[in-house]
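Structure below is my_file.cif: mmCIF, C-alpha atoms.
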data_my_file
#
loop_
_atom_site.group_PDB
_atom_site.id
_atom_site.type_symbol
_atom_site.label_atom_id
_atom_site.label_comp_id
_atom_site.auth_asym_id
_atom_site.auth_seq_id
_atom_site.Cartn_x
_atom_site.Cartn_y
_atom_site.Cartn_z
ATOM 1 C CA LYS V 1 135.766 82.013 105.822
ATOM 2 C CA LYS V 2 135.151 79.348 108.448
ATOM 3 C CA THR V 3 138.114 78.563 110.643
ATOM 4 C CA GLY V 4 136.371 76.504 113.304
ATOM 5 C CA LYS V 5 136.919 79.239 115.880
ATOM 6 C CA THR V 6 134.038 81.060 117.529
ATOM 7 C CA ASN V 7 133.832 84.732 116.786
ATOM 8 C CA PRO V 8 134.087 86.423 120.242
ATOM 9 C CA ALA V 9 131.811 89.318 119.271
ATOM 10 C CA ARG V 10 129.158 86.934 117.935
ATOM 11 C CA ALA V 11 129.396 84.750 121.046
ATOM 12 C CA GLU V 12 128.985 87.807 123.286
ATOM 13 C CA ARG V 13 125.973 89.017 121.263
ATOM 14 C CA PHE V 14 124.398 85.560 121.534
ATOM 15 C CA LYS V 15 124.995 85.522 125.296
ATOM 16 C CA THR V 16 123.398 88.974 125.708
ATOM 17 C CA ILE V 17 120.363 88.129 123.568
ATOM 18 C CA LYS V 18 119.902 84.784 125.306
ATOM 19 C CA ALA V 19 119.970 86.445 128.745
ATOM 20 C CA CYS V 20 117.414 89.032 127.607
ATOM 21 C CA HIS V 21 115.183 86.302 126.155
ATOM 22 C CA GLU V 22 115.390 84.229 129.341
ATOM 23 C CA GLN V 23 114.534 87.291 131.436
ATOM 24 C CA LEU V 24 111.476 88.003 129.269
ATOM 25 C CA ARG V 25 110.350 84.361 129.383
ATOM 26 C CA GLY V 26 110.650 84.433 133.177
ATOM 27 C CA LYS V 27 108.582 87.638 133.343
ATOM 28 C CA TRP V 28 105.899 86.182 131.071
ATOM 29 C CA LEU V 29 105.799 82.935 133.023
ATOM 30 C CA ALA V 30 105.379 84.854 136.293
ATOM 31 C CA GLU V 31 102.522 86.872 134.747
ATOM 32 C CA ALA V 32 100.787 83.705 133.575
ATOM 33 C CA GLN V 33 101.189 82.053 136.976
ATOM 34 C CA ALA V 34 99.868 85.162 138.745
ATOM 35 C CA ALA V 35 96.797 85.063 136.505
ATOM 36 C CA ALA V 36 95.834 81.718 138.064
ATOM 37 C CA SER V 37 94.224 83.548 140.966
ATOM 38 C CA SER V 38 91.867 85.522 138.723
ATOM 39 C CA ARG V 39 88.160 84.918 139.166
ATOM 40 C CA GLU V 40 87.878 84.119 135.477
ATOM 41 C CA ILE V 41 90.337 81.961 133.580
ATOM 42 C CA ALA V 42 92.883 84.406 132.208
ATOM 43 C CA THR V 43 94.189 83.734 128.706
ATOM 44 C CA ALA V 44 97.757 83.773 130.022
ATOM 45 C CA PHE V 45 96.924 81.064 132.547
ATOM 46 C CA LEU V 46 95.049 79.048 129.911
ATOM 47 C CA ALA V 47 98.143 79.033 127.691
ATOM 48 C CA LEU V 48 100.303 78.051 130.649
ATOM 49 C CA GLU V 49 98.043 75.160 131.697
ATOM 50 C CA ILE V 50 97.915 73.740 128.185
ATOM 51 C CA TRP V 51 101.710 74.111 127.944
ATOM 52 C CA GLU V 52 102.197 72.227 131.216
ATOM 53 C CA THR V 53 100.062 69.425 129.765
ATOM 54 C CA ILE V 54 101.754 69.098 126.355
ATOM 55 C CA LYS V 55 105.331 70.301 126.875
ATOM 56 C CA ASN V 56 106.782 66.784 126.893
ATOM 57 C CA GLU V 57 104.819 65.740 123.810
ATOM 58 C CA ASP V 58 105.360 66.267 120.108
ATOM 59 C CA TRP V 59 102.862 69.088 119.540
ATOM 60 C CA VAL V 60 101.574 71.434 116.849
ATOM 61 C CA LEU V 61 99.605 74.633 117.437
ATOM 62 C CA VAL V 62 97.150 74.340 114.562
ATOM 63 C CA HIS V 63 95.174 77.461 115.358
ATOM 64 C CA GLY V 64 95.039 80.479 117.556
ATOM 65 C CA GLY V 65 96.356 80.945 120.934
ATOM 66 C CA PRO V 66 94.812 83.193 123.506
ATOM 67 C CA GLN V 67 94.739 86.793 122.321
ATOM 68 C CA GLY V 68 96.157 86.001 118.898
ATOM 69 C CA GLY V 69 98.812 83.573 120.017
ATOM 70 C CA GLY V 70 100.857 85.982 122.090
ATOM 71 C CA TRP V 71 100.907 83.913 125.261
ATOM 72 C CA THR V 72 101.751 80.690 123.457
ATOM 73 C CA ARG V 73 104.611 82.489 121.745
ATOM 74 C CA GLN V 74 105.837 83.861 125.054
ATOM 75 C CA ILE V 75 105.491 80.768 127.250
ATOM 76 C CA TRP V 76 105.760 77.704 125.044
ATOM 77 C CA ASN V 77 109.145 76.376 123.970
ATOM 78 C CA TRP V 78 109.208 76.460 120.173
ATOM 79 C CA THR V 79 111.893 74.106 118.864
ATOM 80 C CA LYS V 80 110.588 72.692 115.579
ATOM 81 C CA PRO V 81 109.480 74.516 112.427
ATOM 82 C CA TYR V 82 106.254 72.520 112.099
ATOM 83 C CA GLN V 83 104.935 73.517 115.523
ATOM 84 C CA TYR V 84 102.801 76.333 114.113
ATOM 85 C CA ILE V 85 100.867 76.247 110.858
ATOM 86 C CA GLY V 86 100.418 80.017 110.627
ATOM 87 C CA GLY V 87 97.587 82.486 110.949
ATOM 88 C CA ASN V 88 94.477 82.929 108.879
ATOM 89 C CA GLY V 89 95.788 85.932 106.997
ATOM 90 C CA GLY V 90 92.386 87.394 106.210
ATOM 91 C CA GLY V 91 90.649 87.478 109.562
ATOM 92 C CA GLY V 92 87.678 85.507 108.261
ATOM 93 C CA LEU V 93 85.188 84.274 110.831
ATOM 94 C CA GLY V 94 84.878 80.508 111.036
ATOM 95 C CA TYR V 95 88.457 79.854 109.962
ATOM 96 C CA GLY V 96 89.592 78.284 113.232
ATOM 97 C CA MET V 97 87.818 74.941 113.302
ATOM 98 C CA GLY V 98 88.189 74.247 109.586
ATOM 99 C CA ALA V 99 91.901 75.043 109.615
ATOM 100 C CA SER V 100 92.399 73.041 112.787
ATOM 101 C CA ILE V 101 90.616 69.971 111.482
ATOM 102 C CA GLY V 102 92.518 70.158 108.203
ATOM 103 C CA ALA V 103 95.869 70.446 109.966
ATOM 104 C CA ALA V 104 94.974 67.694 112.442
ATOM 105 C CA LEU V 105 93.942 65.465 109.534
ATOM 106 C CA ALA V 106 97.331 66.078 107.912
ATOM 107 C CA HIS V 107 99.037 65.045 111.177
ATOM 108 C CA LYS V 108 96.744 62.076 111.838
ATOM 109 C CA GLY V 109 98.763 59.002 112.671
ATOM 110 C CA THR V 110 101.990 60.910 113.346
ATOM 111 C CA GLY V 111 101.619 60.932 117.128
ATOM 112 C CA LYS V 112 101.655 64.734 117.208
ATOM 113 C CA ILE V 113 99.173 66.469 119.508
ATOM 114 C CA CYS V 114 97.331 69.121 117.537
ATOM 115 C CA VAL V 115 96.110 72.033 119.664
ATOM 116 C CA ASN V 116 93.425 74.511 118.704
ATOM 117 C CA PHE V 117 92.707 77.574 120.857
ATOM 118 C CA GLN V 118 89.247 78.362 119.616
ATOM 119 C CA SER V 119 87.514 81.646 120.335
ATOM 120 C CA ASP V 120 83.800 81.264 120.931
ATOM 121 C CA GLY V 121 82.635 83.800 118.327
ATOM 122 C CA ASP V 122 84.665 82.168 115.572
ATOM 123 C CA LEU V 123 83.291 78.765 116.578
ATOM 124 C CA LEU V 124 79.726 80.029 116.182
ATOM 125 C CA MET V 125 80.319 80.109 112.424
ATOM 126 C CA THR V 126 81.142 76.380 112.205
ATOM 127 C CA PRO V 127 79.713 74.438 115.181
ATOM 128 C CA SER V 128 79.138 71.312 113.088
ATOM 129 C CA ALA V 129 82.907 71.012 112.668
ATOM 130 C CA PHE V 130 83.012 69.052 115.937
ATOM 131 C CA TRP V 131 80.819 66.423 114.308
ATOM 132 C CA THR V 132 83.205 66.256 111.347
ATOM 133 C CA ALA V 133 86.223 65.744 113.598
ATOM 134 C CA ALA V 134 84.456 63.077 115.664
ATOM 135 C CA HIS V 135 82.932 61.288 112.673
ATOM 136 C CA HIS V 136 86.270 61.026 110.871
ATOM 137 C CA GLN V 137 88.167 60.299 114.100
ATOM 138 C CA ILE V 138 90.490 63.255 113.688
ATOM 139 C CA PRO V 139 92.427 63.733 116.933
ATOM 140 C CA LEU V 140 92.389 67.383 117.957
ATOM 141 C CA LEU V 141 92.614 69.121 121.316
ATOM 142 C CA THR V 142 90.289 72.100 121.091
ATOM 143 C CA VAL V 143 89.956 74.574 123.944
ATOM 144 C CA VAL V 144 87.078 76.993 123.433
ATOM 145 C CA PHE V 145 87.517 80.218 125.337
ATOM 146 C CA ASN V 146 85.189 83.112 125.906
ATOM 147 C CA ASN V 147 87.283 86.165 125.115
ATOM 148 C CA GLN V 148 84.498 88.509 126.250
ATOM 149 C CA SER V 149 84.166 90.080 122.832
ATOM 150 C CA TYR V 150 83.328 89.672 119.201
ATOM 151 C CA PHE V 151 86.614 91.267 118.155
ATOM 152 C CA ASN V 152 86.102 91.040 114.412
ATOM 153 C CA SER V 153 83.032 93.271 114.617
ATOM 154 C CA GLU V 154 84.527 95.597 117.232
ATOM 155 C CA ALA V 155 87.681 96.228 115.232
ATOM 156 C CA HIS V 156 85.639 96.889 112.084
ATOM 157 C CA GLN V 157 83.258 99.257 113.891
ATOM 158 C CA SER V 158 86.164 101.126 115.473
ATOM 159 C CA HIS V 159 87.905 101.445 112.106
ATOM 160 C CA LEU V 160 84.741 102.806 110.471
ATOM 161 C CA ALA V 161 84.139 105.274 113.313
ATOM 162 C CA LYS V 162 87.663 106.660 112.909
ATOM 163 C CA PHE V 163 87.270 106.784 109.135
ATOM 164 C CA ARG V 164 83.990 108.693 109.458
ATOM 165 C CA GLY V 165 85.345 111.031 112.128
ATOM 166 C CA ARG V 166 83.023 109.676 114.820
ATOM 167 C CA PRO V 167 83.913 108.817 118.425
ATOM 168 C CA THR V 168 85.117 105.230 118.821
ATOM 169 C CA GLU V 169 83.445 104.963 122.252
ATOM 170 C CA THR V 170 80.046 104.727 120.536
ATOM 171 C CA ALA V 171 81.147 102.405 117.754
#
Represent the supplied structure as structure tokens.
Amino acid sequence: KKTGKTNPARAERFKTIKACHEQLRGKWLAEAQAAASSREIATAFLALEIWETIKNEDWVLVHGGPQGGGWTRQIWNWTKPYQYIGGNGGGGLGYGMGASIGAALAHKGTGKICVNFQSDGDLLMTPSAFWTAAHHQIPLLTVVFNNQSYFNSEAHQSHLAKFRGRPTETA
């Protein structure tokens, strides 16, 4: 039954959770800022730099995010339900550019900035997608990053090594 009064216990819980969330966001932001001094561009810093560029815009993360989207989730301020279209679900290589172009096409003309964090290995499956985006004038901010690995293969090899009782170091 709604009485118009705030439930004190609920208000206190909200205050506690909000403080915890703000503390975590501060910690993550500090980590991303500290990564700026790395010799290589750290994924945390990459997410932070893109955030600093788009934070005052109407944006949509159409694909990825460094290391599976963790840093974008931790640093970016998510306020609208359409700001993320979701993951690929199946881990298929080559998904990133196609999904990004499709989502950017759906948002074409809306003024939203569509952002794609594109891993280099995934991009190797669909390099001609850049031509498609340019030819059809589909606005899309794509940042290709070298994540130092071909994770799809590594994860599969590690899984098979464990399954076969072999050492994962030699997978």
(request) Up to 12 Å from (87.2, 100.0, 114.3) in the file's coordinates: name the residues, counting all atoms listed in the file, as number ranges by chain. (result) V: 151-171
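Applied to this file, the PyMOL selection byres ((chain V and resi 139) around 8) selects Ala104, Leu105, Lys108, Ile113, Cys114, Ala133, Gln137, Ile138, Leu140 and Leu141 of chain V.
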Saved selection, atoms kept: C-alpha atoms, as a PDB file, in the frame of the given file:
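Output below, filename selection15.pdb:
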ATOM      1  CA  ALA V 104      94.974  67.694 112.442  1.00  0.00           C
ATOM      2  CA  LEU V 105      93.942  65.465 109.534  1.00  0.00           C
ATOM      3  CA  LYS V 108      96.744  62.076 111.838  1.00  0.00           C
ATOM      4  CA  ILE V 113      99.173  66.469 119.508  1.00  0.00           C
ATOM      5  CA  CYS V 114      97.331  69.121 117.537  1.00  0.00           C
ATOM      6  CA  ALA V 133      86.223  65.744 113.598  1.00  0.00           C
ATOM      7  CA  GLN V 137      88.167  60.299 114.100  1.00  0.00           C
ATOM      8  CA  ILE V 138      90.490  63.255 113.688  1.00  0.00           C
ATOM      9  CA  LEU V 140      92.389  67.383 117.957  1.00  0.00           C
ATOM     10  CA  LEU V 141      92.614  69.121 121.316  1.00  0.00           C
TER      11      LEU V 141
END
(request) In Å, rounded to a single decimal, give me how far atom CA of V:Gly89 is from atom CA of V:Gly121. (result) 17.5 Å
(request) Please measure the separation of atom CA of V:Val60 and atom CA of V:Tyr84, giving the value in Å to one decimal. (result) 5.7 Å
(request) Give me the residues within 8 Å of V:Val115 as a PyMOL selection string, counting all atoms listed in the file and dropping any in the same chain fewer than 4 places off. (result) chain V and resi 59-63+100+140-143
(request) Mind giving me the straight-line distance from atom CA of V:Lys55 to atom CA of V:Tyr95 in Å, one decimal? (result) 25.7 Å
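Residues matched by the PyMOL selection byres ((chain V and resi 44) around 9) in this file: Trp28, Leu29, Glu31, Ala32, Gln33, Ala35, Ala36, Ile41, Ala42, Thr43, Phe45, Leu46, Ala47, Leu48, Glu49, Pro66, Gln67, Gly70, Trp71, Thr72 and Ile75 of chain V.
Nearest residue to V:Arg25, choosing from V:Trp76, V:Trp51, V:Phe130, V:Tyr82 and counting all atoms listed in the file: V:Trp76.
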Just so I have it separately, write stretch 29-78 of chain V from the block I sent, keeping N, CA and C atoms, as a PDB file, in the first residue's frame.
ATOM      1  N   LEU V  29      37.702   4.211 -11.675  1.00  0.00           N
ATOM      2  CA  LEU V  29      38.161   5.407 -12.379  1.00  0.00           C
ATOM      3  C   LEU V  29      39.639   5.649 -12.089  1.00  0.00           C
ATOM      4  N   ALA V  30      40.036   5.516 -10.838  1.00  0.00           N
ATOM      5  CA  ALA V  30      41.448   5.691 -10.465  1.00  0.00           C
ATOM      6  C   ALA V  30      42.328   4.658 -11.175  1.00  0.00           C
ATOM      7  N   GLU V  31      41.862   3.418 -11.277  1.00  0.00           N
ATOM      8  CA  GLU V  31      42.618   2.378 -11.975  1.00  0.00           C
ATOM      9  C   GLU V  31      42.790   2.727 -13.447  1.00  0.00           C
ATOM     10  N   ALA V  32      41.705   3.200 -14.063  1.00  0.00           N
ATOM     11  CA  ALA V  32      41.765   3.560 -15.481  1.00  0.00           C
ATOM     12  C   ALA V  32      42.694   4.747 -15.702  1.00  0.00           C
ATOM     13  N   GLN V  33      42.656   5.722 -14.826  1.00  0.00           N
ATOM     14  CA  GLN V  33      43.535   6.883 -14.949  1.00  0.00           C
ATOM     15  C   GLN V  33      44.992   6.486 -14.739  1.00  0.00           C
ATOM     16  N   ALA V  34      45.247   5.587 -13.804  1.00  0.00           N
ATOM     17  CA  ALA V  34      46.613   5.122 -13.545  1.00  0.00           C
ATOM     18  C   ALA V  34      47.160   4.358 -14.747  1.00  0.00           C
ATOM     19  N   ALA V  35      46.301   3.721 -15.493  1.00  0.00           N
ATOM     20  CA  ALA V  35      46.722   2.949 -16.663  1.00  0.00           C
ATOM     21  C   ALA V  35      47.216   3.846 -17.797  1.00  0.00           C
ATOM     22  N   ALA V  36      46.960   5.139 -17.702  1.00  0.00           N
ATOM     23  CA  ALA V  36      47.389   6.071 -18.751  1.00  0.00           C
ATOM     24  C   ALA V  36      48.904   6.097 -18.901  1.00  0.00           C
ATOM     25  N   SER V  37      49.613   5.780 -17.851  1.00  0.00           N
ATOM     26  CA  SER V  37      51.075   5.836 -17.901  1.00  0.00           C
ATOM     27  C   SER V  37      51.706   4.549 -18.431  1.00  0.00           C
ATOM     28  N   SER V  38      50.894   3.576 -18.766  1.00  0.00           N
ATOM     29  CA  SER V  38      51.418   2.315 -19.305  1.00  0.00           C
ATOM     30  C   SER V  38      52.076   2.556 -20.658  1.00  0.00           C
ATOM     31  N   ARG V  39      53.056   1.750 -20.968  1.00  0.00           N
ATOM     32  CA  ARG V  39      53.738   1.857 -22.257  1.00  0.00           C
ATOM     33  C   ARG V  39      52.747   1.599 -23.389  1.00  0.00           C
ATOM     34  N   GLU V  40      51.941   0.585 -23.223  1.00  0.00           N
ATOM     35  CA  GLU V  40      50.907   0.265 -24.199  1.00  0.00           C
ATOM     36  C   GLU V  40      49.600   0.880 -23.732  1.00  0.00           C
ATOM     37  N   ILE V  41      48.659   1.038 -24.637  1.00  0.00           N
ATOM     38  CA  ILE V  41      47.365   1.590 -24.256  1.00  0.00           C
ATOM     39  C   ILE V  41      46.585   0.511 -23.521  1.00  0.00           C
ATOM     40  N   ALA V  42      46.368   0.716 -22.253  1.00  0.00           N
ATOM     41  CA  ALA V  42      45.620  -0.243 -21.439  1.00  0.00           C
ATOM     42  C   ALA V  42      44.141  -0.165 -21.791  1.00  0.00           C
ATOM     43  N   THR V  43      43.455  -1.305 -21.721  1.00  0.00           N
ATOM     44  CA  THR V  43      42.033  -1.325 -22.062  1.00  0.00           C
ATOM     45  C   THR V  43      41.218  -0.435 -21.128  1.00  0.00           C
ATOM     46  N   ALA V  44      41.625  -0.349 -19.874  1.00  0.00           N
ATOM     47  CA  ALA V  44      40.926   0.522 -18.927  1.00  0.00           C
ATOM     48  C   ALA V  44      41.029   1.977 -19.371  1.00  0.00           C
ATOM     49  N   PHE V  45      42.225   2.379 -19.778  1.00  0.00           N
ATOM     50  CA  PHE V  45      42.436   3.755 -20.221  1.00  0.00           C
ATOM     51  C   PHE V  45      41.705   4.017 -21.533  1.00  0.00           C
ATOM     52  N   LEU V  46      41.674   3.040 -22.419  1.00  0.00           N
ATOM     53  CA  LEU V  46      40.939   3.185 -23.679  1.00  0.00           C
ATOM     54  C   LEU V  46      39.464   3.457 -23.403  1.00  0.00           C
ATOM     55  N   ALA V  47      38.877   2.691 -22.507  1.00  0.00           N
ATOM     56  CA  ALA V  47      37.463   2.902 -22.152  1.00  0.00           C
ATOM     57  C   ALA V  47      37.258   4.280 -21.545  1.00  0.00           C
ATOM     58  N   LEU V  48      38.185   4.705 -20.713  1.00  0.00           N
ATOM     59  CA  LEU V  48      38.082   6.017 -20.081  1.00  0.00           C
ATOM     60  C   LEU V  48      38.175   7.136 -21.110  1.00  0.00           C
ATOM     61  N   GLU V  49      39.111   7.047 -22.042  1.00  0.00           N
ATOM     62  CA  GLU V  49      39.276   8.094 -23.052  1.00  0.00           C
ATOM     63  C   GLU V  49      38.047   8.207 -23.962  1.00  0.00           C
ATOM     64  N   ILE V  50      37.505   7.074 -24.351  1.00  0.00           N
ATOM     65  CA  ILE V  50      36.288   7.122 -25.173  1.00  0.00           C
ATOM     66  C   ILE V  50      35.145   7.723 -24.359  1.00  0.00           C
ATOM     67  N   TRP V  51      35.036   7.346 -23.086  1.00  0.00           N
ATOM     68  CA  TRP V  51      33.994   7.899 -22.218  1.00  0.00           C
ATOM     69  C   TRP V  51      34.119   9.414 -22.119  1.00  0.00           C
ATOM     70  N   GLU V  52      35.332   9.900 -21.911  1.00  0.00           N
ATOM     71  CA  GLU V  52      35.544  11.350 -21.799  1.00  0.00           C
ATOM     72  C   GLU V  52      35.113  12.063 -23.080  1.00  0.00           C
ATOM     73  N   THR V  53      35.207  11.387 -24.202  1.00  0.00           N
ATOM     74  CA  THR V  53      34.834  11.970 -25.491  1.00  0.00           C
ATOM     75  C   THR V  53      33.324  11.976 -25.713  1.00  0.00           C
ATOM     76  N   ILE V  54      32.624  10.937 -25.267  1.00  0.00           N
ATOM     77  CA  ILE V  54      31.198  10.802 -25.598  1.00  0.00           C
ATOM     78  C   ILE V  54      30.242  11.061 -24.448  1.00  0.00           C
ATOM     79  N   LYS V  55      30.737  11.287 -23.243  1.00  0.00           N
ATOM     80  CA  LYS V  55      29.861  11.315 -22.067  1.00  0.00           C
ATOM     81  C   LYS V  55      28.762  12.372 -22.116  1.00  0.00           C
ATOM     82  N   ASN V  56      28.946  13.415 -22.884  1.00  0.00           N
ATOM     83  CA  ASN V  56      27.907  14.447 -22.988  1.00  0.00           C
ATOM     84  C   ASN V  56      27.050  14.286 -24.235  1.00  0.00           C
ATOM     85  N   GLU V  57      27.196  13.157 -24.898  1.00  0.00           N
ATOM     86  CA  GLU V  57      26.438  12.857 -26.113  1.00  0.00           C
ATOM     87  C   GLU V  57      25.374  11.798 -25.816  1.00  0.00           C
ATOM     88  N   ASP V  58      24.497  11.605 -26.765  1.00  0.00           N
ATOM     89  CA  ASP V  58      23.532  10.511 -26.689  1.00  0.00           C
ATOM     90  C   ASP V  58      24.211   9.330 -27.376  1.00  0.00           C
ATOM     91  N   TRP V  59      24.627   8.330 -26.616  1.00  0.00           N
ATOM     92  CA  TRP V  59      25.473   7.262 -27.135  1.00  0.00           C
ATOM     93  C   TRP V  59      24.851   5.887 -26.965  1.00  0.00           C
ATOM     94  N   VAL V  60      25.371   4.945 -27.758  1.00  0.00           N
ATOM     95  CA  VAL V  60      24.971   3.541 -27.685  1.00  0.00           C
ATOM     96  C   VAL V  60      26.231   2.698 -27.859  1.00  0.00           C
ATOM     97  N   LEU V  61      26.488   1.781 -26.944  1.00  0.00           N
ATOM     98  CA  LEU V  61      27.581   0.833 -27.122  1.00  0.00           C
ATOM     99  C   LEU V  61      27.010  -0.322 -27.939  1.00  0.00           C
ATOM    100  N   VAL V  62      27.383  -0.370 -29.214  1.00  0.00           N
ATOM    101  CA  VAL V  62      26.793  -1.362 -30.112  1.00  0.00           C
ATOM    102  C   VAL V  62      27.559  -2.677 -30.121  1.00  0.00           C
ATOM    103  N   HIS V  63      28.784  -2.633 -29.608  1.00  0.00           N
ATOM    104  CA  HIS V  63      29.537  -3.894 -29.526  1.00  0.00           C
ATOM    105  C   HIS V  63      30.727  -3.749 -28.599  1.00  0.00           C
ATOM    106  N   GLY V  64      30.970  -4.799 -27.868  1.00  0.00           N
ATOM    107  CA  GLY V  64      32.208  -4.966 -27.143  1.00  0.00           C
ATOM    108  C   GLY V  64      32.418  -4.070 -25.952  1.00  0.00           C
ATOM    109  N   GLY V  65      33.576  -3.659 -25.889  1.00  0.00           N
ATOM    110  CA  GLY V  65      34.093  -2.973 -24.728  1.00  0.00           C
ATOM    111  C   GLY V  65      35.351  -3.710 -24.368  1.00  0.00           C
ATOM    112  N   PRO V  66      36.383  -3.008 -24.030  1.00  0.00           N
ATOM    113  CA  PRO V  66      37.627  -3.692 -23.705  1.00  0.00           C
ATOM    114  C   PRO V  66      37.423  -4.794 -22.677  1.00  0.00           C
ATOM    115  N   GLN V  67      38.011  -5.927 -22.960  1.00  0.00           N
ATOM    116  CA  GLN V  67      37.928  -7.119 -22.114  1.00  0.00           C
ATOM    117  C   GLN V  67      36.478  -7.487 -21.817  1.00  0.00           C
ATOM    118  N   GLY V  68      35.662  -7.575 -22.865  1.00  0.00           N
ATOM    119  CA  GLY V  68      34.297  -8.029 -22.694  1.00  0.00           C
ATOM    120  C   GLY V  68      33.341  -6.990 -22.135  1.00  0.00           C
ATOM    121  N   GLY V  69      33.708  -5.755 -22.165  1.00  0.00           N
ATOM    122  CA  GLY V  69      32.797  -4.713 -21.717  1.00  0.00           C
ATOM    123  C   GLY V  69      32.904  -4.330 -20.275  1.00  0.00           C
ATOM    124  N   GLY V  70      33.801  -4.993 -19.526  1.00  0.00           N
ATOM    125  CA  GLY V  70      33.900  -4.709 -18.101  1.00  0.00           C
ATOM    126  C   GLY V  70      34.208  -3.264 -17.791  1.00  0.00           C
ATOM    127  N   TRP V  71      35.191  -2.688 -18.470  1.00  0.00           N
ATOM    128  CA  TRP V  71      35.574  -1.313 -18.148  1.00  0.00           C
ATOM    129  C   TRP V  71      34.491  -0.320 -18.539  1.00  0.00           C
ATOM    130  N   THR V  72      33.805  -0.555 -19.630  1.00  0.00           N
ATOM    131  CA  THR V  72      32.715   0.364 -19.984  1.00  0.00           C
ATOM    132  C   THR V  72      31.606   0.277 -18.943  1.00  0.00           C
ATOM    133  N   ARG V  73      31.340  -0.902 -18.460  1.00  0.00           N
ATOM    134  CA  ARG V  73      30.329  -1.077 -17.419  1.00  0.00           C
ATOM    135  C   ARG V  73      30.734  -0.392 -16.121  1.00  0.00           C
ATOM    136  N   GLN V  74      32.012  -0.375 -15.840  1.00  0.00           N
ATOM    137  CA  GLN V  74      32.503   0.162 -14.579  1.00  0.00           C
ATOM    138  C   GLN V  74      32.681   1.677 -14.613  1.00  0.00           C
ATOM    139  N   ILE V  75      33.028   2.228 -15.763  1.00  0.00           N
ATOM    140  CA  ILE V  75      33.361   3.651 -15.843  1.00  0.00           C
ATOM    141  C   ILE V  75      32.243   4.495 -16.431  1.00  0.00           C
ATOM    142  N   TRP V  76      31.598   3.998 -17.466  1.00  0.00           N
ATOM    143  CA  TRP V  76      30.590   4.796 -18.155  1.00  0.00           C
ATOM    144  C   TRP V  76      29.335   4.926 -17.296  1.00  0.00           C
ATOM    145  N   ASN V  77      28.616   6.004 -17.507  1.00  0.00           N
ATOM    146  CA  ASN V  77      27.380   6.255 -16.764  1.00  0.00           C
ATOM    147  C   ASN V  77      26.190   5.789 -17.604  1.00  0.00           C
ATOM    148  N   TRP V  78      25.647   4.660 -17.237  1.00  0.00           N
ATOM    149  CA  TRP V  78      24.544   4.040 -17.982  1.00  0.00           C
ATOM    150  C   TRP V  78      23.225   4.572 -17.437  1.00  0.00           C
TER     151      TRP V  78
END
